[in-house]
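K.L.:
My structure file data-v6.cif, mmCIF, C-alpha atoms, is below:
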```cif
data_target
#
loop_
_atom_site.label_atom_id
_atom_site.label_comp_id
_atom_site.auth_asym_id
_atom_site.auth_seq_id
_atom_site.Cartn_x
_atom_site.Cartn_y
_atom_site.Cartn_z
CA MET A 1 14.50 35.01 76.01
CA THR A 2 15.17 35.08 72.33
CA ALA A 3 12.39 34.70 69.82
CA ALA A 4 12.29 31.43 67.89
CA THR A 5 13.47 31.83 64.35
CA ALA A 6 11.95 29.90 61.51
CA PRO A 7 14.27 27.45 59.78
CA LEU A 8 15.69 28.77 56.57
CA GLU A 9 14.39 27.01 53.48
CA PRO A 10 17.08 25.65 51.18
CA ARG A 11 17.57 27.77 48.10
CA PRO A 12 16.62 25.96 44.91
CA SER A 13 19.69 24.86 43.09
CA ARG A 14 20.07 25.66 39.45
CA ARG A 15 19.48 22.84 37.03
CA SER A 16 22.59 21.47 35.52
CA VAL A 17 23.18 21.50 31.80
CA ALA A 18 22.84 17.72 31.63
CA ASP A 19 19.49 17.86 33.44
CA ARG A 20 18.12 20.48 31.07
CA ALA A 21 19.42 18.57 28.06
CA GLY A 22 17.76 15.40 29.36
CA ARG A 23 14.44 17.16 29.82
CA PHE A 24 14.68 18.67 26.34
CA LEU A 25 15.36 15.27 24.81
CA SER A 26 12.53 13.65 26.72
CA ARG A 27 10.09 16.24 25.36
CA ASN A 28 11.46 16.37 21.81
CA LEU A 29 12.95 12.91 21.34
CA LEU A 30 10.79 12.10 18.31
CA PHE A 31 11.70 15.35 16.53
CA VAL A 32 15.41 14.92 17.28
CA TYR A 33 15.37 11.32 16.05
CA THR A 34 13.51 12.35 12.88
CA GLY A 35 15.99 15.15 12.24
CA PHE A 36 18.99 12.82 12.55
CA ALA A 37 17.31 10.21 10.34
CA VAL A 38 16.60 12.77 7.60
CA LEU A 39 20.15 14.11 7.89
CA TYR A 40 21.56 10.58 7.63
CA LEU A 41 19.52 9.90 4.50
CA MET A 42 20.08 13.22 2.77
CA LEU A 43 23.77 13.76 3.52
CA PRO A 44 25.05 11.49 0.70
CA VAL A 45 22.66 13.16 -1.74
CA ALA A 46 23.84 16.61 -0.65
CA ILE A 47 27.49 15.59 -1.10
CA MET A 48 26.72 14.20 -4.55
CA ALA A 49 25.03 17.46 -5.55
CA LEU A 50 27.87 19.53 -4.07
CA PHE A 51 30.57 17.65 -5.97
CA SER A 52 28.64 18.07 -9.22
CA PHE A 53 29.96 21.66 -9.10
CA ASN A 54 33.53 20.57 -8.37
CA SER A 55 36.43 21.24 -10.73
CA PRO A 56 38.88 18.36 -10.09
CA VAL A 57 42.41 18.45 -11.33
CA GLY A 58 42.66 14.78 -12.29
CA LYS A 59 40.11 12.07 -13.02
CA SER A 60 39.14 11.52 -9.38
CA ASN A 61 36.26 13.60 -8.03
CA VAL A 62 36.73 13.05 -4.30
CA VAL A 63 38.58 16.23 -3.24
CA TRP A 64 37.06 19.69 -3.55
CA GLN A 65 39.14 21.86 -5.88
CA GLY A 66 36.89 24.73 -6.89
CA PHE A 67 33.42 25.76 -8.07
CA THR A 68 32.43 25.46 -11.72
CA LEU A 69 29.31 25.11 -13.89
CA ARG A 70 31.18 23.54 -16.78
CA TYR A 71 29.88 20.02 -16.22
CA TRP A 72 26.28 21.18 -15.80
CA LEU A 73 26.48 22.87 -19.19
CA ASP A 74 27.79 19.64 -20.77
CA PRO A 75 26.38 16.70 -18.76
CA PHE A 76 27.04 14.13 -21.53
CA GLY A 77 30.57 15.20 -22.32
CA VAL A 78 32.00 11.75 -21.53
CA PRO A 79 31.87 9.16 -24.35
CA GLY A 80 29.30 6.41 -23.75
CA LEU A 81 27.56 8.11 -20.85
CA GLN A 82 24.57 9.36 -22.82
CA ASP A 83 23.83 5.92 -24.29
CA ALA A 84 24.05 4.30 -20.85
CA VAL A 85 21.69 6.86 -19.31
CA MET A 86 19.18 6.54 -22.17
CA THR A 87 19.23 2.74 -21.86
CA SER A 88 18.60 2.93 -18.10
CA LEU A 89 15.74 5.40 -18.57
CA GLN A 90 14.09 3.26 -21.22
CA ILE A 91 14.31 0.13 -19.07
CA ALA A 92 13.10 2.01 -15.99
CA PHE A 93 10.06 3.53 -17.73
CA LEU A 94 9.05 0.33 -19.51
CA SER A 95 9.47 -1.87 -16.43
CA MET A 96 7.61 0.69 -14.31
CA PHE A 97 4.71 0.81 -16.79
CA VAL A 98 4.33 -2.96 -17.16
CA ALA A 99 4.96 -3.79 -13.48
CA THR A 100 2.50 -1.12 -12.29
CA ILE A 101 -0.30 -2.46 -14.47
CA LEU A 102 0.31 -6.12 -13.63
CA GLY A 103 0.98 -5.45 -9.94
CA THR A 104 -2.18 -3.36 -9.53
CA LEU A 105 -4.32 -6.06 -11.13
CA ILE A 106 -2.72 -8.76 -8.96
CA ALA A 107 -3.28 -6.67 -5.82
CA LEU A 108 -6.95 -6.18 -6.73
CA ALA A 109 -7.37 -9.91 -7.27
CA LEU A 110 -5.68 -10.85 -3.98
CA VAL A 111 -7.67 -8.36 -1.90
CA ARG A 112 -11.09 -8.67 -3.53
CA TYR A 113 -11.35 -12.37 -4.28
CA ARG A 114 -10.65 -15.68 -2.58
CA PHE A 115 -9.64 -18.35 -5.08
CA ARG A 116 -7.75 -21.60 -5.06
CA GLY A 117 -4.04 -20.88 -4.81
CA SER A 118 -4.34 -17.37 -3.35
CA SER A 119 -2.15 -18.28 -0.36
CA THR A 120 0.49 -19.73 -2.67
CA THR A 121 0.31 -16.61 -4.80
CA ASN A 122 0.96 -14.45 -1.73
CA ILE A 123 4.07 -16.48 -0.92
CA LEU A 124 5.32 -16.26 -4.51
CA ILE A 125 4.81 -12.49 -4.51
CA PHE A 126 7.10 -12.07 -1.51
CA LEU A 127 9.81 -14.42 -2.78
CA PRO A 128 11.61 -11.88 -5.05
CA MET A 129 11.67 -9.39 -2.18
CA ALA A 130 13.11 -11.91 0.27
CA THR A 131 15.63 -13.47 -2.11
CA PRO A 132 19.13 -11.90 -2.20
CA GLU A 133 19.80 -10.08 -5.45
CA ILE A 134 22.89 -12.13 -6.27
CA VAL A 135 20.87 -15.35 -5.97
CA LEU A 136 18.08 -13.89 -8.07
CA GLY A 137 20.51 -12.68 -10.72
CA ALA A 138 22.30 -16.02 -10.91
CA SER A 139 18.96 -17.82 -11.21
CA LEU A 140 17.83 -15.58 -14.05
CA LEU A 141 21.17 -16.04 -15.80
CA THR A 142 20.76 -19.83 -15.60
CA LEU A 143 17.21 -19.55 -16.94
CA PHE A 144 18.13 -17.38 -19.91
CA VAL A 145 21.10 -19.59 -20.83
CA ALA A 146 18.99 -22.75 -20.50
CA ILE A 147 16.27 -21.52 -22.87
CA GLY A 148 18.82 -20.04 -25.29
CA LEU A 149 17.72 -16.42 -24.88
CA GLN A 150 20.47 -13.96 -25.72
CA ARG A 151 21.22 -11.52 -22.92
CA ASP A 152 20.50 -7.97 -24.03
CA PHE A 153 17.96 -5.20 -23.48
CA LEU A 154 15.04 -7.66 -23.41
CA THR A 155 16.47 -9.87 -20.66
CA ILE A 156 17.18 -6.83 -18.47
CA LEU A 157 13.61 -5.66 -18.99
CA ILE A 158 12.16 -9.07 -18.08
CA ALA A 159 14.26 -9.23 -14.92
CA HIS A 160 13.28 -5.71 -13.80
CA ILE A 161 9.59 -6.33 -14.40
CA MET A 162 9.82 -9.53 -12.37
CA PHE A 163 11.22 -8.00 -9.18
CA ASN A 164 9.24 -4.75 -9.54
CA ILE A 165 5.89 -6.56 -9.57
CA SER A 166 6.36 -7.66 -5.95
CA TYR A 167 6.89 -4.12 -4.69
CA VAL A 168 3.93 -2.81 -6.69
CA VAL A 169 1.64 -5.52 -5.32
CA VAL A 170 2.64 -4.82 -1.72
CA THR A 171 2.23 -1.05 -2.09
CA VAL A 172 -1.14 -1.12 -3.87
CA ARG A 173 -2.43 -3.86 -1.58
CA ALA A 174 -1.75 -1.68 1.46
CA ARG A 175 -3.88 1.03 -0.17
CA LEU A 176 -6.70 -1.40 -0.89
CA GLN A 177 -6.87 -2.78 2.65
CA GLY A 178 -8.74 0.26 3.97
CA PHE A 179 -10.92 0.74 0.90
CA ASP A 180 -14.66 1.12 1.61
CA ARG A 181 -16.54 -1.24 -0.70
CA ARG A 182 -19.80 0.56 0.03
CA LEU A 183 -18.70 3.36 -2.31
CA GLU A 184 -18.59 0.93 -5.21
CA GLU A 185 -21.92 -0.58 -4.18
CA ALA A 186 -23.49 2.88 -4.08
CA ALA A 187 -22.18 3.67 -7.57
CA MET A 188 -23.56 0.40 -8.95
CA ASP A 189 -26.91 1.03 -7.25
CA LEU A 190 -27.05 4.32 -9.14
CA GLY A 191 -26.68 2.51 -12.47
CA ALA A 192 -22.93 2.32 -13.10
CA ASN A 193 -21.50 -0.91 -14.43
CA GLU A 194 -18.29 -2.55 -13.23
CA LEU A 195 -16.01 -0.71 -15.67
CA VAL A 196 -17.47 2.72 -14.94
CA THR A 197 -17.35 2.05 -11.20
CA PHE A 198 -13.68 1.13 -11.41
CA TRP A 199 -12.62 4.22 -13.39
CA LYS A 200 -14.88 6.71 -11.61
CA VAL A 201 -14.76 5.43 -8.02
CA THR A 202 -12.11 2.79 -7.37
CA PHE A 203 -9.19 4.06 -9.44
CA PRO A 204 -9.23 7.68 -8.20
CA LEU A 205 -9.19 6.45 -4.59
CA ILE A 206 -6.31 4.03 -5.06
CA LEU A 207 -4.39 6.38 -7.39
CA PRO A 208 -2.00 7.65 -4.64
CA GLY A 209 -0.96 4.07 -3.91
CA VAL A 210 -0.53 3.32 -7.61
CA LEU A 211 1.63 6.42 -8.11
CA ALA A 212 3.74 5.54 -5.08
CA ALA A 213 4.22 2.02 -6.43
CA ALA A 214 5.19 3.37 -9.85
CA LEU A 215 7.79 5.72 -8.35
CA LEU A 216 9.20 2.88 -6.25
CA ALA A 217 9.44 0.62 -9.30
CA PHE A 218 11.18 3.35 -11.30
CA SER A 219 13.71 3.99 -8.52
CA LEU A 220 14.47 0.29 -8.05
CA SER A 221 14.93 -0.23 -11.77
CA ILE A 222 17.12 2.74 -12.63
CA ASP A 223 19.73 2.05 -9.95
CA ASP A 224 19.81 -1.76 -10.03
CA PHE A 225 23.25 -3.21 -10.65
CA VAL A 226 23.50 -6.77 -9.32
CA ILE A 227 20.63 -8.36 -11.26
CA THR A 228 21.39 -6.22 -14.32
CA ASN A 229 25.01 -7.34 -14.31
CA PHE A 230 23.89 -10.99 -14.62
CA THR A 231 21.32 -10.36 -17.36
CA ALA A 232 22.82 -7.50 -19.41
CA GLY A 233 25.23 -9.23 -21.75
CA HIS A 234 26.83 -6.45 -23.78
CA THR A 235 24.16 -3.89 -22.90
CA LEU A 236 25.48 -1.03 -20.77
CA THR A 237 23.27 0.73 -18.23
CA PHE A 238 23.99 3.76 -16.06
CA PRO A 239 24.93 1.80 -12.88
CA MET A 240 27.17 -0.52 -14.89
CA TYR A 241 28.85 2.50 -16.48
CA ILE A 242 29.59 3.92 -13.02
CA TYR A 243 31.01 0.57 -11.90
CA GLY A 244 33.30 0.43 -14.91
CA ALA A 245 34.40 4.06 -14.57
CA ASN A 246 35.13 3.65 -10.85
CA ARG A 247 38.34 1.79 -11.61
CA ILE A 248 39.93 4.88 -13.18
CA GLY A 249 37.81 7.64 -11.62
CA VAL A 250 34.12 8.56 -11.78
CA PRO A 251 33.62 11.69 -13.92
CA VAL A 252 31.83 14.73 -12.54
CA GLN A 253 29.05 14.27 -15.09
CA VAL A 254 27.86 11.24 -13.10
CA ASN A 255 27.18 13.52 -10.12
CA VAL A 256 25.38 15.95 -12.42
CA ILE A 257 23.09 13.28 -13.87
CA GLY A 258 22.44 11.77 -10.44
CA THR A 259 21.44 15.19 -9.10
CA MET A 260 19.14 15.74 -12.08
CA ILE A 261 17.39 12.42 -11.55
CA PHE A 262 16.98 13.18 -7.85
CA LEU A 263 15.53 16.65 -8.49
CA VAL A 264 13.09 15.33 -11.10
CA ALA A 265 11.91 12.57 -8.73
CA VAL A 266 11.47 15.00 -5.82
CA GLY A 267 9.63 17.46 -8.05
CA PHE A 268 7.28 14.76 -9.31
CA VAL A 269 6.53 13.62 -5.75
CA ALA A 270 5.93 17.23 -4.65
CA ILE A 271 3.55 17.93 -7.54
CA THR A 272 1.67 14.68 -6.95
CA THR A 273 1.32 15.41 -3.24
CA TRP A 274 0.11 18.95 -3.95
CA LEU A 275 -2.48 17.77 -6.46
CA GLN A 276 -3.70 15.08 -4.07
CA SER A 277 -4.02 17.52 -1.17
CA ARG A 278 -5.83 19.98 -3.42
CA ALA A 279 -8.25 17.27 -4.54
CA ASN A 280 -8.97 16.27 -0.92
CA ARG A 281 -9.45 19.89 0.19
CA PRO A 282 -13.09 20.65 1.08
CA PRO A 283 -14.81 23.23 -1.13
CA ARG A 284 -14.64 26.84 0.00
CA THR A 285 -17.82 28.46 1.28
CA ASP A 286 -16.78 32.12 1.37
CA LYS A 287 -19.81 33.39 -0.51
CA PRO A 288 -23.05 33.31 1.46
CA VAL A 289 -25.61 30.95 0.11
CA ARG A 290 -28.87 32.69 -0.74
CA GLN A 291 -31.85 30.88 0.63
CA PRO A 292 -34.79 30.55 -1.78
CA MET A 293 -37.82 32.65 -0.93
CA PRO A 294 -40.74 30.61 0.33
CA GLU A 295 -43.55 30.24 -2.13
CA THR A 296 -46.67 32.20 -1.25
CA ASP A 297 -50.02 30.51 -1.25
CA PRO A 298 -52.09 32.27 -3.97
CA VAL A 299 -55.27 32.02 -1.86
CA LEU A 300 -53.66 33.74 1.11
CA ALA A 301 -52.14 36.37 -1.17
CA THR A 302 -55.60 37.18 -2.64
CA ARG A 303 -57.09 37.47 0.82
CA SER A 304 -54.34 39.78 2.04
CA GLU A 305 -54.80 42.09 -0.98
CA ALA A 306 -58.52 42.19 -0.35
#
```
Could you take the file, read its structure, and then write that structure out as structure tokens?

P.N.:
Amino acid sequence: MTAATAPLEPRPSRRSVADRAGRFLSRNLLFVYTGFAVLYLMLPVAIMALFSFNSPVGKSNVVWQGFTLRYWLDPFGVPGLQDAVMTSLQIAFLSMFVATILGTLIALALVRYRFRGSSTTNILIFLPMATPEIVLGASLLTLFVAIGLQRDFLTILIAHIMFNISYVVVTVRARLQGFDRRLEEAAMDLGANELVTFWKVTFPLILPGVLAAALLAFSLSIDDFVITNFTAGHTLTFPMYIYGANRIGVPVQVNVIGTMIFLVAVGFVAITTWLQSRANRPPRTDKPVRQPMPETDPVLATRSEA
């Protein structure tokens, strides 16, 4: 009689490549998606920076020909480019400054106070953001022509301030939504008036939101073309210069200036983030804190000496 043999267990099969890839994606889907999103956003910027070192044969800068630093050493070598860049920078800084101040005050009023017409004001704030740029530009053109205002630097500035205010209000308002009003009440209980409370308590806490709104306003203003094209007249900005040069070939200096603007913006954001994180860092307690010696009762001390 033969002994009963135990059934052989099936050997575990190796996981297929597709199975392992699926498990990897299920565990790291968020990181993979974030990586592709960052790559999608940064790839055009990287190509722009790469072709700022190109040495094209003709006027077209779309085919890599060779490496050179010639255009970085002379970024304004094309006639009219420097004036267009300076005009765009002036409009961007002025519109950012005015829109940030007005937008911050409007956001404070909408969040802190309830007044007649606040709901209508909220709708009007979102209108420039929801309106297509070509409709907004045509409307502004009609307005300026109707009132007899000549289209030049001033009309561009008015238009940029108008659509930048909406983005500033939305950004600063999001920062104010989670603001703890008890901090202001504590400061006023300690003797500070409204102005001192705003500058010493409120403004430092909402400063990251204000800086983010200012950067957003600057970015929207310096690269706007559609609204500027309706309101510029004979004034030439940097985006309009690129549009005009595109018919015969965009010079390499445009890539150089675009890369410079991008690096300055990234550097400013990095410095602001570093300063904010340093300000929010808790104080270091490396050194031991010496406890004060307890005071000795003079009566007990006299008795102990006796």

K.L.:
So that I can see what lies close to A:His160, please list as a list in words the residues with an atom at most 9 Å from it, counting all atoms listed in the file and leaving out residues fewer than 6 positions away in the same chain.

P.N.:
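That gives Ile91, Ala92, Ser95, Met96, Ala99, Ala217, Leu220, Ser221, Asp224, Ile227 and Thr228 of chain A.
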
K.L.:
So what do you get for atom CA of A:Ile123 versus atom CA of A:Ala159, distance-wise?

P.N.:
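Between atom CA of A:Ile123 and atom CA of A:Ala159 the gap is 18.8 Å.
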
K.L.:
Mind running stretch 5-117 of chain A against stretch 246-254 of chain A at 9 Å and telling me each contacting residue's nearest atom pair with the distance in Å (one decimal), counting all atoms listed in the file, chain and number ascending, as CSV?

P.N.:
```
residue,atom,partner,partner_atom,distance
A:Phe51,CA,A:Val252,CA,7.3
A:Ser52,CA,A:Val252,CA,5.7
A:Phe53,CA,A:Val252,CA,8.0
A:Asn54,CA,A:Val252,CA,7.4
A:Ser55,CA,A:Val252,CA,8.2
A:Pro56,CA,A:Val252,CA,8.3
A:Gly58,CA,A:Gly249,CA,8.7
A:Lys59,CA,A:Gly249,CA,5.2
A:Ser60,CA,A:Gly249,CA,4.7
A:Asn61,CA,A:Val252,CA,6.4
A:Tyr71,CA,A:Gln253,CA,5.9
A:Trp72,CA,A:Gln253,CA,7.5
A:Asp74,CA,A:Gln253,CA,7.9
A:Pro75,CA,A:Gln253,CA,5.1
A:Phe76,CA,A:Gln253,CA,6.7
A:Gly77,CA,A:Gln253,CA,7.4
A:Val78,CA,A:Gln253,CA,7.5
A:Leu81,CA,A:Val254,CA,8.4
```

K.L.:
Got time to write the residues from that selection, C-alpha atoms, as a compact mmCIF listing (two decimals), keeping the file's coordinate frame?

P.N.:
```
# COMPACT_ATOMS: atom_id res chain seq x y z
CA PHE A 51 30.57 17.65 -5.97
CA SER A 52 28.64 18.07 -9.22
CA PHE A 53 29.96 21.66 -9.10
CA ASN A 54 33.53 20.57 -8.37
CA SER A 55 36.43 21.24 -10.73
CA PRO A 56 38.88 18.36 -10.09
CA GLY A 58 42.66 14.78 -12.29
CA LYS A 59 40.11 12.07 -13.02
CA SER A 60 39.14 11.52 -9.38
CA ASN A 61 36.26 13.60 -8.03
CA TYR A 71 29.88 20.02 -16.22
CA TRP A 72 26.28 21.18 -15.80
CA ASP A 74 27.79 19.64 -20.77
CA PRO A 75 26.38 16.70 -18.76
CA PHE A 76 27.04 14.13 -21.53
CA GLY A 77 30.57 15.20 -22.32
CA VAL A 78 32.00 11.75 -21.53
CA LEU A 81 27.56 8.11 -20.85
```

K.L.:
Check which residues satisfy the PyMOL selection byres ((chain A and resi 269) around 12) in the file shown, then give them as an mmCIF file with C-alpha atoms, in the frame of the given file.

P.N.:
```
data_model
loop_
_atom_site.group_PDB
_atom_site.id
_atom_site.type_symbol
_atom_site.label_atom_id
_atom_site.label_comp_id
_atom_site.auth_asym_id
_atom_site.auth_seq_id
_atom_site.Cartn_x
_atom_site.Cartn_y
_atom_site.Cartn_z
ATOM 1 C CA PRO A 208 -2.000 7.650 -4.640
ATOM 2 C CA LEU A 211 1.630 6.420 -8.110
ATOM 3 C CA ALA A 212 3.740 5.540 -5.080
ATOM 4 C CA ALA A 213 4.220 2.020 -6.430
ATOM 5 C CA ALA A 214 5.190 3.370 -9.850
ATOM 6 C CA LEU A 215 7.790 5.720 -8.350
ATOM 7 C CA LEU A 216 9.200 2.880 -6.250
ATOM 8 C CA PHE A 262 16.980 13.180 -7.850
ATOM 9 C CA LEU A 263 15.530 16.650 -8.490
ATOM 10 C CA VAL A 264 13.090 15.330 -11.100
ATOM 11 C CA ALA A 265 11.910 12.570 -8.730
ATOM 12 C CA VAL A 266 11.470 15.000 -5.820
ATOM 13 C CA GLY A 267 9.630 17.460 -8.050
ATOM 14 C CA PHE A 268 7.280 14.760 -9.310
ATOM 15 C CA ALA A 270 5.930 17.230 -4.650
ATOM 16 C CA ILE A 271 3.550 17.930 -7.540
ATOM 17 C CA THR A 272 1.670 14.680 -6.950
ATOM 18 C CA THR A 273 1.320 15.410 -3.240
ATOM 19 C CA TRP A 274 0.110 18.950 -3.950
ATOM 20 C CA LEU A 275 -2.480 17.770 -6.460
ATOM 21 C CA GLN A 276 -3.700 15.080 -4.070
#
```

K.L.:
Return the single residue from A:Ile165, A:Ala232, A:Leu39, A:Leu105 that is closest to A:Leu140, with distances computed using only C-alpha atoms.

P.N.:
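Counting only C-alpha atoms, the residue closest to A:Leu140 is A:Ala232.
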
K.L.:
With the PyMOL selection byres ((chain A and resi 88) around 12) as the selection, what would be picked from this file? Answer as a ChimeraX atom specification, please.

P.N.:
/A:81-87,89-96,153,156-157,160,218-225,228,232,235-241,261

K.L.:
To verify the selection step, state as a PyMOL selection string which residues the PyMOL selection byres ((chain A and resi 137) around 10) yields on this input.

P.N.:
chain A and resi 131-136+138-143+159+225-231

K.L.:
Could you tell me how far atom CA of A:Gly178 sits from atom CA of A:Arg116, in Å to one decimal place?

P.N.:
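Straight-line distance from atom CA of A:Arg116 to atom CA of A:Gly178 works out to 23.7 Å.
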
K.L.:
Any chance you could model all heavy atoms for stretch 226-235 of chain A and send them as a PDB file, in the frame of the given file?

P.N.:
```pdb
ATOM      1  N   VAL A 226      23.147  -5.364  -9.493  1.00  0.00           N
ATOM      2  CA  VAL A 226      23.500  -6.770  -9.320  1.00  0.00           C
ATOM      3  C   VAL A 226      22.749  -7.649 -10.320  1.00  0.00           C
ATOM      4  O   VAL A 226      23.356  -8.417 -11.085  1.00  0.00           O
ATOM      5  CB  VAL A 226      23.211  -7.217  -7.871  1.00  0.00           C
ATOM      6  CG1 VAL A 226      23.525  -8.697  -7.704  1.00  0.00           C
ATOM      7  CG2 VAL A 226      24.030  -6.389  -6.893  1.00  0.00           C
ATOM      8  N   ILE A 227      21.421  -7.536 -10.344  1.00  0.00           N
ATOM      9  CA  ILE A 227      20.630  -8.360 -11.260  1.00  0.00           C
ATOM     10  C   ILE A 227      20.922  -7.971 -12.712  1.00  0.00           C
ATOM     11  O   ILE A 227      21.020  -8.834 -13.595  1.00  0.00           O
ATOM     12  CB  ILE A 227      19.139  -8.219 -10.927  1.00  0.00           C
ATOM     13  CG1 ILE A 227      18.864  -8.736  -9.513  1.00  0.00           C
ATOM     14  CG2 ILE A 227      18.283  -8.963 -11.935  1.00  0.00           C
ATOM     15  CD1 ILE A 227      17.437  -8.570  -9.068  1.00  0.00           C
ATOM     16  N   THR A 228      21.078  -6.673 -12.959  1.00  0.00           N
ATOM     17  CA  THR A 228      21.390  -6.220 -14.320  1.00  0.00           C
ATOM     18  C   THR A 228      22.721  -6.746 -14.800  1.00  0.00           C
ATOM     19  O   THR A 228      22.881  -7.088 -15.983  1.00  0.00           O
ATOM     20  CB  THR A 228      21.383  -4.683 -14.360  1.00  0.00           C
ATOM     21  OG1 THR A 228      20.149  -4.189 -13.854  1.00  0.00           O
ATOM     22  CG2 THR A 228      21.570  -4.176 -15.769  1.00  0.00           C
ATOM     23  N   ASN A 229      23.691  -6.847 -13.916  1.00  0.00           N
ATOM     24  CA  ASN A 229      25.010  -7.340 -14.310  1.00  0.00           C
ATOM     25  C   ASN A 229      24.953  -8.804 -14.764  1.00  0.00           C
ATOM     26  O   ASN A 229      25.734  -9.225 -15.634  1.00  0.00           O
ATOM     27  CB  ASN A 229      25.967  -7.197 -13.129  1.00  0.00           C
ATOM     28  CG  ASN A 229      27.410  -7.428 -13.514  1.00  0.00           C
ATOM     29  OD1 ASN A 229      27.819  -7.094 -14.630  1.00  0.00           O
ATOM     30  ND2 ASN A 229      28.187  -7.993 -12.611  1.00  0.00           N
ATOM     31  N   PHE A 230      24.030  -9.587 -14.206  1.00  0.00           N
ATOM     32  CA  PHE A 230      23.890 -10.990 -14.620  1.00  0.00           C
ATOM     33  C   PHE A 230      23.128 -11.129 -15.927  1.00  0.00           C
ATOM     34  O   PHE A 230      23.326 -12.105 -16.657  1.00  0.00           O
ATOM     35  CB  PHE A 230      23.169 -11.785 -13.530  1.00  0.00           C
ATOM     36  CG  PHE A 230      24.055 -12.199 -12.393  1.00  0.00           C
ATOM     37  CD1 PHE A 230      24.105 -11.449 -11.230  1.00  0.00           C
ATOM     38  CD2 PHE A 230      24.844 -13.335 -12.477  1.00  0.00           C
ATOM     39  CE1 PHE A 230      24.919 -11.823 -10.177  1.00  0.00           C
ATOM     40  CE2 PHE A 230      25.656 -13.718 -11.431  1.00  0.00           C
ATOM     41  CZ  PHE A 230      25.707 -12.951 -10.267  1.00  0.00           C
ATOM     42  N   THR A 231      22.243 -10.194 -16.231  1.00  0.00           N
ATOM     43  CA  THR A 231      21.320 -10.360 -17.360  1.00  0.00           C
ATOM     44  C   THR A 231      21.586  -9.387 -18.507  1.00  0.00           C
ATOM     45  O   THR A 231      20.834  -9.396 -19.478  1.00  0.00           O
ATOM     46  CB  THR A 231      19.875 -10.154 -16.873  1.00  0.00           C
ATOM     47  OG1 THR A 231      19.738  -8.840 -16.304  1.00  0.00           O
ATOM     48  CG2 THR A 231      19.501 -11.189 -15.830  1.00  0.00           C
ATOM     49  N   ALA A 232      22.622  -8.562 -18.419  1.00  0.00           N
ATOM     50  CA  ALA A 232      22.820  -7.500 -19.410  1.00  0.00           C
ATOM     51  C   ALA A 232      23.499  -7.979 -20.675  1.00  0.00           C
ATOM     52  O   ALA A 232      23.211  -7.491 -21.771  1.00  0.00           O
ATOM     53  CB  ALA A 232      23.623  -6.355 -18.793  1.00  0.00           C
ATOM     54  N   GLY A 233      24.438  -8.891 -20.570  1.00  0.00           N
ATOM     55  CA  GLY A 233      25.230  -9.230 -21.750  1.00  0.00           C
ATOM     56  C   GLY A 233      26.152  -8.086 -22.108  1.00  0.00           C
ATOM     57  O   GLY A 233      26.950  -7.626 -21.290  1.00  0.00           O
ATOM     58  N   HIS A 234      26.027  -7.586 -23.331  1.00  0.00           N
ATOM     59  CA  HIS A 234      26.830  -6.450 -23.780  1.00  0.00           C
ATOM     60  C   HIS A 234      26.098  -5.120 -23.638  1.00  0.00           C
ATOM     61  O   HIS A 234      26.630  -4.087 -24.056  1.00  0.00           O
ATOM     62  CB  HIS A 234      27.246  -6.643 -25.250  1.00  0.00           C
ATOM     63  CG  HIS A 234      28.132  -7.835 -25.462  1.00  0.00           C
ATOM     64  ND1 HIS A 234      29.445  -7.883 -25.028  1.00  0.00           N
ATOM     65  CD2 HIS A 234      27.888  -9.038 -26.052  1.00  0.00           C
ATOM     66  CE1 HIS A 234      29.987  -9.040 -25.354  1.00  0.00           C
ATOM     67  NE2 HIS A 234      29.060  -9.775 -25.968  1.00  0.00           N
ATOM     68  N   THR A 235      24.906  -5.128 -23.106  1.00  0.00           N
ATOM     69  CA  THR A 235      24.160  -3.890 -22.900  1.00  0.00           C
ATOM     70  C   THR A 235      24.702  -3.154 -21.692  1.00  0.00           C
ATOM     71  O   THR A 235      24.912  -3.756 -20.640  1.00  0.00           O
ATOM     72  CB  THR A 235      22.659  -4.196 -22.720  1.00  0.00           C
ATOM     73  OG1 THR A 235      22.193  -4.959 -23.839  1.00  0.00           O
ATOM     74  CG2 THR A 235      21.858  -2.915 -22.624  1.00  0.00           C
TER      75      THR A 235
END
```
